[in-house]
$ cat my_file36.tsv   # TSV, C-alpha atoms
chain	number	residue	atom	x	y	z
A	1	MET	CA	-3.22	38.63	19.57
A	2	PHE	CA	-4.90	36.00	21.78
A	3	ARG	CA	-8.29	36.74	20.21
A	4	SER	CA	-6.83	36.35	16.72
A	5	ALA	CA	-5.31	33.01	17.64
A	6	VAL	CA	-8.62	31.73	19.04
A	7	LEU	CA	-10.50	32.87	15.94
A	8	ALA	CA	-7.94	31.12	13.76
A	9	LEU	CA	-8.42	27.86	15.66
A	10	LEU	CA	-12.22	28.12	15.43
A	11	CYS	CA	-11.90	28.73	11.73
A	12	VAL	CA	-10.09	25.45	11.03
A	13	GLU	CA	-13.42	23.68	10.41
A	14	ALA	CA	-15.98	26.49	10.24
A	15	CYS	CA	-14.22	28.39	7.48
A	16	HIS	CA	-14.24	25.47	5.06
A	17	ALA	CA	-16.99	25.79	2.48
A	18	VAL	CA	-19.05	22.60	2.21
A	19	VAL	CA	-19.93	21.35	-1.25
A	20	ASN	CA	-22.51	18.58	-0.92
A	21	VAL	CA	-22.57	16.23	-3.90
A	22	GLU	CA	-26.38	16.38	-3.75
A	23	SER	CA	-26.12	20.06	-4.70
A	24	CYS	CA	-24.73	18.92	-8.04
A	25	GLY	CA	-27.58	16.45	-8.56
A	26	ALA	CA	-26.14	13.31	-6.98
A	27	VAL	CA	-28.66	10.80	-5.64
A	28	GLY	CA	-27.66	8.29	-2.98
A	29	ASP	CA	-30.07	5.54	-3.97
A	30	ALA	CA	-27.43	2.92	-4.99
A	31	THR	CA	-28.88	3.05	-8.52
A	32	ALA	CA	-28.28	6.43	-10.18
A	33	ASP	CA	-24.97	7.03	-11.95
A	34	ASN	CA	-23.60	10.17	-10.28
A	35	THR	CA	-20.33	10.45	-12.20
A	36	ASN	CA	-21.05	13.87	-13.67
A	37	ALA	CA	-22.28	15.21	-10.33
A	38	PHE	CA	-19.17	14.02	-8.48
A	39	ARG	CA	-16.85	15.50	-11.10
A	40	GLU	CA	-18.71	18.83	-11.02
A	41	CYS	CA	-18.69	19.10	-7.23
A	42	ALA	CA	-15.07	17.90	-6.96
A	43	ALA	CA	-14.08	20.81	-9.22
A	44	LYS	CA	-15.97	23.30	-7.04
A	45	ALA	CA	-14.71	22.24	-3.60
A	46	PRO	CA	-11.11	23.53	-3.71
A	47	MET	CA	-12.19	26.98	-4.88
A	48	ASP	CA	-13.11	27.75	-1.27
A	49	ASP	CA	-10.58	25.45	0.40
A	50	GLY	CA	-13.61	23.30	0.83
A	51	ILE	CA	-15.12	20.05	1.95
A	52	LEU	CA	-16.53	17.75	-0.69
A	53	LEU	CA	-19.31	16.10	1.32
A	54	VAL	CA	-20.80	12.71	0.53
A	55	PRO	CA	-23.81	12.46	2.87
A	56	GLY	CA	-25.72	9.37	4.01
A	57	GLY	CA	-26.79	7.00	1.26
A	58	THR	CA	-24.95	4.99	-1.38
A	59	PHE	CA	-23.66	7.06	-4.28
A	60	LEU	CA	-22.59	5.28	-7.47
A	61	THR	CA	-19.92	7.11	-9.44
A	62	GLY	CA	-17.22	6.65	-12.00
A	63	ALA	CA	-13.69	7.95	-11.60
A	64	PHE	CA	-13.20	11.51	-10.36
A	65	ASN	CA	-10.23	13.70	-9.40
A	66	LEU	CA	-9.48	15.64	-6.25
A	67	THR	CA	-7.40	18.79	-6.56
A	68	SER	CA	-5.36	20.77	-4.03
A	69	ASN	CA	-6.84	21.91	-0.74
A	70	THR	CA	-9.78	19.49	-0.75
A	71	ILE	CA	-11.26	17.47	2.09
A	72	LEU	CA	-13.33	14.52	0.89
A	73	GLU	CA	-15.74	13.82	3.74
A	74	VAL	CA	-17.46	10.45	3.33
A	75	MET	CA	-20.43	10.08	5.65
A	76	GLY	CA	-22.32	7.55	3.54
A	77	ALA	CA	-20.93	5.26	0.85
A	78	ILE	CA	-19.16	5.84	-2.45
A	79	ALA	CA	-19.42	2.89	-4.83
A	80	GLY	CA	-17.65	2.59	-8.17
A	81	VAL	CA	-19.91	2.10	-11.18
A	82	GLN	CA	-19.59	-1.32	-12.70
A	83	ASN	CA	-18.86	-0.47	-16.30
A	84	PHE	CA	-15.89	0.57	-18.44
A	85	GLU	CA	-17.28	3.95	-19.49
A	86	GLY	CA	-16.90	5.48	-16.02
A	87	TYR	CA	-13.11	5.07	-15.98
A	88	PRO	CA	-10.95	7.01	-18.46
A	89	VAL	CA	-8.04	5.11	-19.98
A	90	ILE	CA	-4.71	6.62	-18.89
A	91	PRO	CA	-1.05	5.78	-19.63
A	92	PRO	CA	1.11	3.79	-17.24
A	93	LEU	CA	3.13	5.45	-14.52
A	94	PRO	CA	6.58	6.44	-15.83
A	95	SER	CA	8.37	4.30	-13.26
A	96	TYR	CA	6.50	1.18	-14.44
A	97	GLY	CA	5.94	1.48	-18.18
A	98	THR	CA	2.99	-0.89	-17.81
A	99	SER	CA	-0.26	-1.06	-15.89
A	100	ARG	CA	1.32	-3.75	-13.67
A	101	ASP	CA	-1.83	-5.72	-14.38
A	102	CYS	CA	-2.68	-7.18	-17.77
A	103	CYS	CA	-1.75	-4.50	-20.28
A	104	VAL	CA	0.19	-1.29	-20.93
A	105	ASN	CA	-2.51	1.33	-20.39
A	106	ARG	CA	-4.92	1.27	-17.48
A	107	TYR	CA	-8.25	2.56	-16.27
A	108	GLN	CA	-8.03	5.56	-13.94
A	109	ALA	CA	-8.48	4.97	-10.22
A	110	LEU	CA	-11.92	5.62	-8.78
A	111	ILE	CA	-10.43	8.53	-6.79
A	112	GLN	CA	-7.23	10.14	-8.06
A	113	THR	CA	-5.02	13.16	-7.46
A	114	ASN	CA	-2.34	14.58	-9.75
A	115	ASN	CA	0.24	17.23	-8.78
A	116	ALA	CA	-1.76	18.28	-5.73
A	117	GLN	CA	-1.23	19.34	-2.14
A	118	ASN	CA	-3.26	19.33	1.08
A	119	ILE	CA	-5.57	16.39	0.41
A	120	THR	CA	-7.70	14.78	3.12
A	121	ILE	CA	-10.00	11.78	2.77
A	122	ARG	CA	-11.91	11.01	5.94
A	123	GLY	CA	-14.79	8.89	7.22
A	124	PRO	CA	-16.74	7.39	8.85
A	125	GLY	CA	-18.23	6.16	5.58
A	126	SER	CA	-17.00	3.67	2.99
A	127	ILE	CA	-15.50	3.62	-0.49
A	128	ASP	CA	-16.21	0.50	-2.54
A	129	GLY	CA	-14.44	-0.23	-5.82
A	130	GLY	CA	-17.06	-2.55	-7.30
A	131	GLY	CA	-14.44	-5.20	-7.83
A	132	GLU	CA	-17.06	-7.85	-8.58
A	133	PHE	CA	-17.31	-6.38	-12.08
A	134	TRP	CA	-13.56	-6.53	-12.72
A	135	TRP	CA	-12.29	-9.71	-11.05
A	136	PRO	CA	-13.94	-12.26	-13.40
A	137	GLN	CA	-12.81	-10.34	-16.49
A	138	HIS	CA	-9.24	-10.34	-15.27
A	139	LYS	CA	-9.48	-14.05	-14.53
A	140	ASN	CA	-10.65	-14.88	-18.06
A	141	ASN	CA	-8.12	-12.50	-19.70
A	142	SER	CA	-10.75	-10.36	-21.41
A	143	LEU	CA	-9.49	-6.93	-20.29
A	144	VAL	CA	-7.74	-4.65	-22.78
A	145	ASN	CA	-6.55	-2.16	-20.12
A	146	GLY	CA	-5.32	-2.63	-16.57
A	147	ARG	CA	-7.87	-2.59	-13.78
A	148	PRO	CA	-8.46	0.67	-11.88
A	149	LYS	CA	-7.09	1.10	-8.38
A	150	LEU	CA	-9.45	2.31	-5.70
A	151	ILE	CA	-7.45	5.41	-4.67
A	152	GLU	CA	-4.27	6.62	-6.38
A	153	LEU	CA	-2.48	9.76	-5.22
A	154	ILE	CA	0.15	10.90	-7.73
A	155	ASN	CA	2.84	13.50	-7.01
A	156	THR	CA	0.88	14.84	-4.07
A	157	THR	CA	2.14	16.49	-0.87
A	158	ASP	CA	0.54	16.59	2.58
A	159	ILE	CA	-2.01	13.79	2.57
A	160	GLU	CA	-4.20	12.49	5.39
A	161	ILE	CA	-6.51	9.50	5.04
A	162	THR	CA	-8.46	8.54	8.15
A	163	GLY	CA	-11.66	6.97	9.41
A	164	VAL	CA	-12.92	5.49	6.14
A	165	THR	CA	-13.54	1.87	5.19
A	166	LEU	CA	-12.02	0.89	1.85
A	167	GLN	CA	-13.24	-2.29	0.21
A	168	ASN	CA	-13.56	-4.40	-2.92
A	169	PRO	CA	-11.08	-2.66	-5.23
A	170	ALA	CA	-10.65	-3.87	-8.77
A	171	PHE	CA	-6.87	-3.87	-8.20
A	172	TRP	CA	-4.68	-2.24	-5.50
A	173	THR	CA	-6.61	-0.41	-2.79
A	174	LEU	CA	-4.57	2.65	-1.80
A	175	HIS	CA	-1.54	3.74	-3.83
A	176	PRO	CA	0.37	6.94	-2.97
A	177	VAL	CA	3.10	7.31	-5.60
A	178	TYR	CA	5.69	10.14	-5.97
A	179	CYS	CA	4.20	11.66	-2.79
A	180	LYS	CA	5.55	13.40	0.32
A	181	ASN	CA	4.18	13.65	3.84
A	182	VAL	CA	1.56	10.91	3.86
A	183	TRP	CA	-0.42	9.99	6.99
A	184	ILE	CA	-2.76	6.98	6.78
A	185	HIS	CA	-4.38	6.12	10.08
A	186	HIS	CA	-7.45	4.54	11.67
A	187	ILE	CA	-8.83	3.15	8.41
A	188	ARG	CA	-10.25	-0.28	7.66
A	189	ILE	CA	-9.54	-2.24	4.50
A	190	ASN	CA	-11.85	-5.19	3.86
A	191	ASN	CA	-11.15	-7.11	0.67
A	192	PRO	CA	-11.95	-10.75	-0.16
A	193	PRO	CA	-9.00	-12.92	0.88
A	194	ASP	CA	-9.33	-15.10	-2.23
A	195	ILE	CA	-8.97	-12.29	-4.81
A	196	GLY	CA	-5.36	-11.67	-5.81
A	197	ASN	CA	-3.77	-8.25	-6.40
A	198	THR	CA	-6.10	-6.52	-3.95
A	199	ASP	CA	-3.17	-5.12	-1.94
A	200	GLY	CA	-4.06	-2.96	1.04
A	201	ILE	CA	-1.64	0.00	1.02
A	202	ASP	CA	1.20	0.38	-1.51
A	203	PRO	CA	3.47	3.36	-0.72
A	204	ASP	CA	5.58	3.86	-3.82
A	205	SER	CA	8.53	6.17	-4.62
A	206	SER	CA	7.49	8.48	-1.80
A	207	ALA	CA	8.99	10.09	1.30
A	208	ASN	CA	7.82	10.60	4.87
A	209	VAL	CA	5.01	8.07	5.13
A	210	MET	CA	3.25	7.14	8.37
A	211	ILE	CA	0.84	4.16	8.39
A	212	GLU	CA	-0.63	3.50	11.83
A	213	HIS	CA	-3.65	2.15	13.72
A	214	ASN	CA	-5.27	0.48	10.71
A	215	SER	CA	-6.90	-2.92	10.24
A	216	ILE	CA	-6.42	-4.72	6.93
A	217	ASN	CA	-7.94	-7.86	5.47
A	218	CYS	CA	-7.12	-8.47	1.81
A	219	GLY	CA	-6.25	-10.88	-0.99
A	220	ASP	CA	-2.57	-9.96	-1.31
A	221	ASP	CA	0.01	-7.90	0.58
A	222	PHE	CA	-1.35	-5.96	3.53
A	223	ILE	CA	1.28	-3.34	2.77
A	224	ALA	CA	3.71	-3.51	-0.15
A	225	MET	CA	6.48	-0.94	-0.31
A	226	LYS	CA	7.63	-0.13	-3.85
A	227	SER	CA	9.74	2.22	-6.00
A	228	GLY	CA	9.14	1.37	-9.64
A	229	MET	CA	9.98	-1.63	-11.79
A	230	ASP	CA	13.02	-2.64	-13.84
A	231	GLN	CA	14.51	-0.16	-16.32
A	232	TYR	CA	11.56	2.23	-16.01
A	233	GLY	CA	11.99	2.40	-12.25
A	234	ARG	CA	15.74	2.84	-12.49
A	235	ASP	CA	15.38	5.62	-15.07
A	236	VAL	CA	12.89	7.58	-12.94
A	237	GLY	CA	15.01	6.86	-9.87
A	238	ILE	CA	12.66	8.05	-7.12
A	239	PRO	CA	13.21	5.98	-3.95
A	240	LEU	CA	10.79	5.12	-1.19
A	241	THR	CA	12.26	6.44	2.02
A	242	ASN	CA	11.41	7.25	5.64
A	243	VAL	CA	8.38	5.01	6.16
A	244	THR	CA	6.93	4.06	9.56
A	245	ILE	CA	4.34	1.29	9.89
A	246	ARG	CA	3.12	0.79	13.45
A	247	HIS	CA	0.21	-0.34	15.65
A	248	ASN	CA	-1.69	-2.05	12.83
A	249	VAL	CA	-3.67	-5.30	12.88
A	250	PHE	CA	-3.51	-7.60	9.87
A	251	TYR	CA	-5.96	-10.42	9.27
A	252	ALA	CA	-6.11	-12.60	6.13
A	253	GLY	CA	-3.61	-11.68	3.42
A	254	ALA	CA	-0.02	-12.13	2.27
A	255	SER	CA	2.42	-10.05	4.35
A	256	VAL	CA	3.95	-6.69	5.15
A	257	SER	CA	6.29	-6.66	2.17
A	258	ILE	CA	9.03	-4.73	0.49
A	259	GLY	CA	9.02	-5.25	-3.26
A	260	SER	CA	9.12	-6.75	-5.62
A	261	GLU	CA	9.12	-3.42	-7.51
A	262	ILE	CA	12.12	-1.76	-5.82
A	263	SER	CA	14.13	-0.47	-8.78
A	264	GLY	CA	14.28	3.10	-7.49
A	265	GLY	CA	15.51	1.95	-4.08
A	266	VAL	CA	13.91	1.53	-0.64
A	267	SER	CA	15.51	2.76	2.57
A	268	ASP	CA	14.90	3.76	6.17
A	269	ILE	CA	11.86	1.62	6.90
A	270	PHE	CA	10.61	1.12	10.48
A	271	ILE	CA	7.92	-1.55	10.91
A	272	TYR	CA	7.01	-1.60	14.58
A	273	ASN	CA	4.52	-3.18	16.99
A	274	ASN	CA	2.11	-4.75	14.52
A	275	THR	CA	-0.09	-7.80	15.04
A	276	MET	CA	-0.57	-10.32	12.23
A	277	VAL	CA	-3.56	-12.43	13.21
A	278	GLY	CA	-3.62	-14.26	9.88
A	279	PRO	CA	-3.89	-16.50	8.15
A	280	ALA	CA	-1.02	-14.77	6.37
A	281	VAL	CA	1.35	-16.29	3.84
A	282	PHE	CA	4.54	-14.73	5.25
A	283	GLY	CA	5.40	-13.02	8.52
A	284	ALA	CA	7.85	-10.57	6.90
A	285	TYR	CA	8.61	-10.59	3.19
A	286	LEU	CA	11.31	-8.85	1.16
A	287	LYS	CA	11.23	-9.69	-2.54
A	288	SER	CA	13.12	-8.83	-5.68
A	289	ALA	CA	14.03	-10.32	-9.07
A	290	PRO	CA	17.10	-10.24	-11.32
A	291	GLY	CA	15.62	-7.48	-13.48
A	292	ARG	CA	14.87	-5.07	-10.65
A	293	GLY	CA	18.19	-3.61	-9.52
A	294	GLY	CA	17.89	-0.90	-6.90
A	295	TYR	CA	18.50	-1.45	-3.19
A	296	VAL	CA	16.82	-2.23	0.13
A	297	LYS	CA	18.69	-0.68	3.04
A	298	ASN	CA	18.13	0.12	6.71
A	299	VAL	CA	15.00	-1.88	7.42
A	300	LEU	CA	13.82	-2.74	10.93
A	301	TYR	CA	10.95	-5.13	11.66
A	302	GLN	CA	10.47	-4.90	15.45
A	303	ASP	CA	8.01	-6.09	18.11
A	304	HIS	CA	5.75	-8.20	15.92
A	305	VAL	CA	3.22	-10.77	17.05
A	306	LEU	CA	2.57	-13.39	14.38
A	307	GLY	CA	-0.51	-15.58	14.33
A	308	VAL	CA	-1.25	-18.21	11.67
A	309	ILE	CA	1.46	-18.20	8.97
A	310	THR	CA	0.93	-20.62	6.11
A	311	ARG	CA	4.24	-20.69	4.19
A	312	ALA	CA	7.25	-19.03	5.85
A	313	HIS	CA	7.81	-16.61	8.72
A	314	LEU	CA	10.79	-14.54	7.52
A	315	VAL	CA	11.62	-14.35	3.81
A	316	ILE	CA	14.09	-12.68	1.49
A	317	GLN	CA	13.35	-13.79	-2.08
A	318	THR	CA	15.35	-12.79	-5.16
A	319	ASP	CA	13.60	-14.77	-7.90
A	320	PHE	CA	10.12	-13.27	-7.69
A	321	ASP	CA	9.86	-13.31	-11.47
A	322	SER	CA	12.06	-14.00	-14.48
A	323	GLY	CA	13.58	-11.71	-17.07
A	324	PRO	CA	16.94	-10.31	-18.16
A	325	PRO	CA	19.10	-9.18	-15.22
A	326	ALA	CA	19.70	-5.53	-14.42
A	327	PRO	CA	23.23	-4.15	-14.84
A	328	GLN	CA	23.49	-4.33	-11.03
A	329	LEU	CA	21.35	-6.64	-8.95
A	330	THR	CA	19.41	-5.53	-5.88
A	331	VAL	CA	21.53	-4.75	-2.81
A	332	PHE	CA	20.03	-5.89	0.51
A	333	GLU	CA	21.84	-4.24	3.42
A	334	ASN	CA	21.17	-3.77	7.14
A	335	ILE	CA	17.94	-5.75	7.49
A	336	ARG	CA	16.97	-6.43	11.12
A	337	PHE	CA	14.27	-8.61	12.68
A	338	VAL	CA	13.85	-7.87	16.39
A	339	ASN	CA	11.43	-9.24	19.01
A	340	PHE	CA	9.19	-11.56	17.03
A	341	THR	CA	6.73	-13.80	18.90
A	342	ARG	CA	3.90	-16.13	17.94
A	343	SER	CA	0.30	-16.13	19.18
A	344	SER	CA	-0.61	-19.33	17.33
A	345	THR	CA	0.44	-22.96	17.76
A	346	ASP	CA	-0.12	-23.68	14.07
A	347	ALA	CA	2.98	-25.36	12.62
A	348	SER	CA	2.31	-25.29	8.89
A	349	ALA	CA	5.06	-22.81	7.90
A	350	VAL	CA	8.83	-23.08	7.74
A	351	PRO	CA	10.88	-20.75	9.98
A	352	GLY	CA	12.32	-18.74	7.14
A	353	THR	CA	14.02	-18.58	3.76
A	354	LEU	CA	16.80	-16.04	3.26
A	355	ASP	CA	17.76	-16.56	-0.38
A	356	CYS	CA	19.96	-13.71	-1.58
A	357	PHE	CA	21.76	-13.04	-4.84
A	358	ALA	CA	25.15	-14.64	-5.38
A	359	ALA	CA	28.45	-12.73	-5.06
A	360	PRO	CA	29.11	-9.87	-5.37
A	361	TYR	CA	25.47	-9.05	-4.46
A	362	GLU	CA	25.10	-11.11	-1.28
A	363	CYS	CA	22.94	-9.76	1.54
A	364	THR	CA	24.95	-8.00	4.25
A	365	GLY	CA	24.15	-6.87	7.76
A	366	ILE	CA	21.25	-9.28	8.38
A	367	SER	CA	20.36	-9.72	12.05
A	368	LEU	CA	17.79	-11.66	14.07
A	369	ASP	CA	17.45	-10.67	17.71
A	370	HIS	CA	15.00	-12.31	20.12
A	371	VAL	CA	13.05	-14.01	17.34
A	372	HIS	CA	10.83	-16.79	18.70
A	373	LEU	CA	8.67	-18.37	16.03
A	374	GLY	CA	7.11	-21.12	18.07
A	375	ALA	CA	5.78	-24.15	16.21
A	376	THR	CA	7.16	-24.50	12.69
A	377	THR	CA	7.81	-27.22	10.14
A	378	GLY	CA	11.04	-27.98	8.32
A	379	ALA	CA	14.27	-26.04	8.69
A	380	TRP	CA	15.77	-22.64	7.98
A	381	ASP	CA	17.13	-22.06	4.47
A	382	CYS	CA	19.83	-19.40	4.08
A	383	LYS	CA	21.95	-18.76	0.99
A	384	ASN	CA	24.34	-16.01	-0.09
A	385	VAL	CA	24.22	-14.03	3.14
A	386	LYS	CA	27.66	-12.47	3.63
A	387	SER	CA	27.15	-11.35	7.22
A	388	ILE	CA	24.48	-12.38	9.70
A	389	GLU	CA	24.14	-11.88	13.46
A	390	LEU	CA	21.90	-14.12	15.58
A	391	THR	CA	20.83	-13.48	19.18
A	392	ASP	CA	18.31	-15.72	20.95
A	393	VAL	CA	16.63	-17.24	17.88
A	394	SER	CA	14.25	-20.19	17.89
A	395	PRO	CA	13.91	-22.59	16.27
A	396	SER	CA	17.67	-22.98	16.15
A	397	GLY	CA	19.71	-24.25	13.24
A	398	LEU	CA	19.98	-21.10	11.12
A	399	THR	CA	23.25	-21.30	9.21
A	400	CYS	CA	24.08	-19.67	5.90
A	401	SER	CA	25.96	-20.96	2.90
$ encode --input "my_file36.tsv" --output "structure tokens"
Amino acid sequence: MFRSAVLALLCVEACHAVVNVESCGAVGDATADNTNAFRECAAKAPMDDGILLVPGGTFLTGAFNLTSNTILEVMGAIAGVQNFEGYPVIPPLPSYGTSRDCCVNRYQALIQTNNAQNITIRGPGSIDGGGEFWWPQHKNNSLVNGRPKLIELINTTDIEITGVTLQNPAFWTLHPVYCKNVWIHHIRINNPPDIGNTDGIDPDSSANVMIEHNSINCGDDFIAMKSGMDQYGRDVGIPLTNVTIRHNVFYAGASVSIGSEISGGVSDIFIYNNTMVGPAVFGAYLKSAPGRGGYVKNVLYQDHVLGVITRAHLVIQTDFDSGPPAPQLTVFENIRFVNFTRSSTDASAVPGTLDCFAAPYECTGISLDHVHLGATTGAWDCKNVKSIELTDVSPSGLTCS
């Protein structure tokens, strides 16, 4: 029995077949288009519970899919081709009904899974979305389909992403949606801070998500927790639940956010021991809109060190965009901010804005405990909060109407 157990442990790595993309004709010269080679090798790898190996070099490729029981091992660099032809046009996600970019349909992510299980993407190499091709076209409104994400994992179970550097996506960087058991750790996301919509990690309508020990620099939210948008999101009705975000370092970007797409509901979120060096727009940011509906419940932001914040430290916003209201507006309940400190003396941001929906949808169970925001400008703004508990909060003066 002991011998069998030892052999099983030794077999964890050794028994994986390795499918090198060069065996399918890929060339890592940063020039050749390797789309067909990547798609061919990606189809072969799971047949032997295998490793899809990207060796040293820079390999240009269009979109490709990973299927169940595949390890994508990136030793060199994967770079998205900078053309439209490499990215198939696909319909919107059912919980959105739109690309959430410019249009209804969208270009497929550079790396995508659908209805899969046991997916690993690991470094130490890099995956580059070639965003330089897409950003100007979005800015001048010339796109006819939504921009591709860098990595999108759809309806996938048992995911690990580790060690890689993700950079320059056309749109969102890493988007697990309708997934279970997701572990994202020890990765680096490096996106230009002046390019909007380049979110870092967007867990969406998923369960059991752990995001830890990562560093993120981006042009929008470091992490944005979502669950579908408006009527589409309410009809699909898949919540985001049981998410832990801990031991991460955030540089330039927007915030660690919940929303605004929360129509399927968000609950049981633990955001713990993170450092926000900045400059960041918000220290903690929960956002909704009249059309969203859904709920945000049981959220704990704890043990955060905030650096340079440019607009507001703690925010609940309910007018993120306009549109007809949902039959029931978003419920915010049991939101706690505990042990916040500042590492910067910059005073350009207000303490916070807690602006909830009017009765009967006021925020309830809001608490601030040992929140010390250091140098700020202006005053707290708090509206439509039905119940709030304050313990050792500075600056003082937080009262709610």
$ residues_around --input "my_file36.tsv" --residues "stretch 362-373 of chain A" --least-positions-apart "3" --cutoff "7 Å" --atoms "all atoms listed in the file" --output "list of chain:residue names"
A:Val331, A:Phe332, A:Glu333, A:Asn334, A:Ile335, A:Arg336, A:Phe337, A:Val338, A:Asn339, A:Phe340, A:Thr341, A:Arg342, A:Pro351, A:Cys356, A:Phe357, A:Ala358, A:Ala359, A:Asn384, A:Val385, A:Lys386, A:Ser387, A:Ile388, A:Glu389, A:Leu390, A:Thr391, A:Asp392, A:Val393, A:Ser394, A:Pro395
$ closest_residue --input "my_file36.tsv" --among "A:Ala109, A:Ile78, A:Ala26, A:Ala349" --to "A:Gln167" --atoms "all atoms listed in the file"
A:Ile78
$ atom_distance --input "my_file36.tsv" --atom1 "atom CA of A:His138" --atom2 "atom CA of A:Thr173"
16.2 Å
$ residues_around --input "my_file36.tsv" --residues "A:Ala375" --least-positions-apart "3" --cutoff "7 Å" --atoms "only C-alpha atoms" --output "VMD selection string"
chain A and resid 345 to 347
$ residues_around --input "my_file36.tsv" --residues "A:Asn115" --least-positions-apart "5" --cutoff "8 Å" --atoms "only C-alpha atoms" --output "VMD selection string"
chain A and resid 154 to 156
$ atom_distance --input "my_file36.tsv" --atom1 "atom CA of A:Ser288" --atom2 "atom CA of A:Tyr178"
20.4 Å
$ residues_around --input "my_file36.tsv" --residues "stretch 28-34 of chain A" --least-positions-apart "2" --cutoff "10 Å" --atoms "only C-alpha atoms" --output "short mmCIF file (atom, residue, chain, number, x, y, z; two decimals) with C-alpha atoms, in the coordinates of the input"
data_model
loop_
_atom_site.label_atom_id
_atom_site.label_comp_id
_atom_site.auth_asym_id
_atom_site.auth_seq_id
_atom_site.Cartn_x
_atom_site.Cartn_y
_atom_site.Cartn_z
CA VAL A 21 -22.57 16.23 -3.90
CA GLU A 22 -26.38 16.38 -3.75
CA CYS A 24 -24.73 18.92 -8.04
CA GLY A 25 -27.58 16.45 -8.56
CA ALA A 26 -26.14 13.31 -6.98
CA ASN A 36 -21.05 13.87 -13.67
CA ALA A 37 -22.28 15.21 -10.33
CA PHE A 38 -19.17 14.02 -8.48
CA ARG A 39 -16.85 15.50 -11.10
CA GLU A 40 -18.71 18.83 -11.02
CA VAL A 54 -20.80 12.71 0.53
CA PRO A 55 -23.81 12.46 2.87
CA GLY A 56 -25.72 9.37 4.01
CA GLY A 57 -26.79 7.00 1.26
CA THR A 58 -24.95 4.99 -1.38
CA PHE A 59 -23.66 7.06 -4.28
CA LEU A 60 -22.59 5.28 -7.47
CA THR A 61 -19.92 7.11 -9.44
CA GLY A 62 -17.22 6.65 -12.00
CA GLY A 76 -22.32 7.55 3.54
CA ALA A 77 -20.93 5.26 0.85
CA ILE A 78 -19.16 5.84 -2.45
CA ALA A 79 -19.42 2.89 -4.83
CA GLY A 80 -17.65 2.59 -8.17
CA VAL A 81 -19.91 2.10 -11.18
CA GLN A 82 -19.59 -1.32 -12.70
CA GLY A 86 -16.90 5.48 -16.02
#
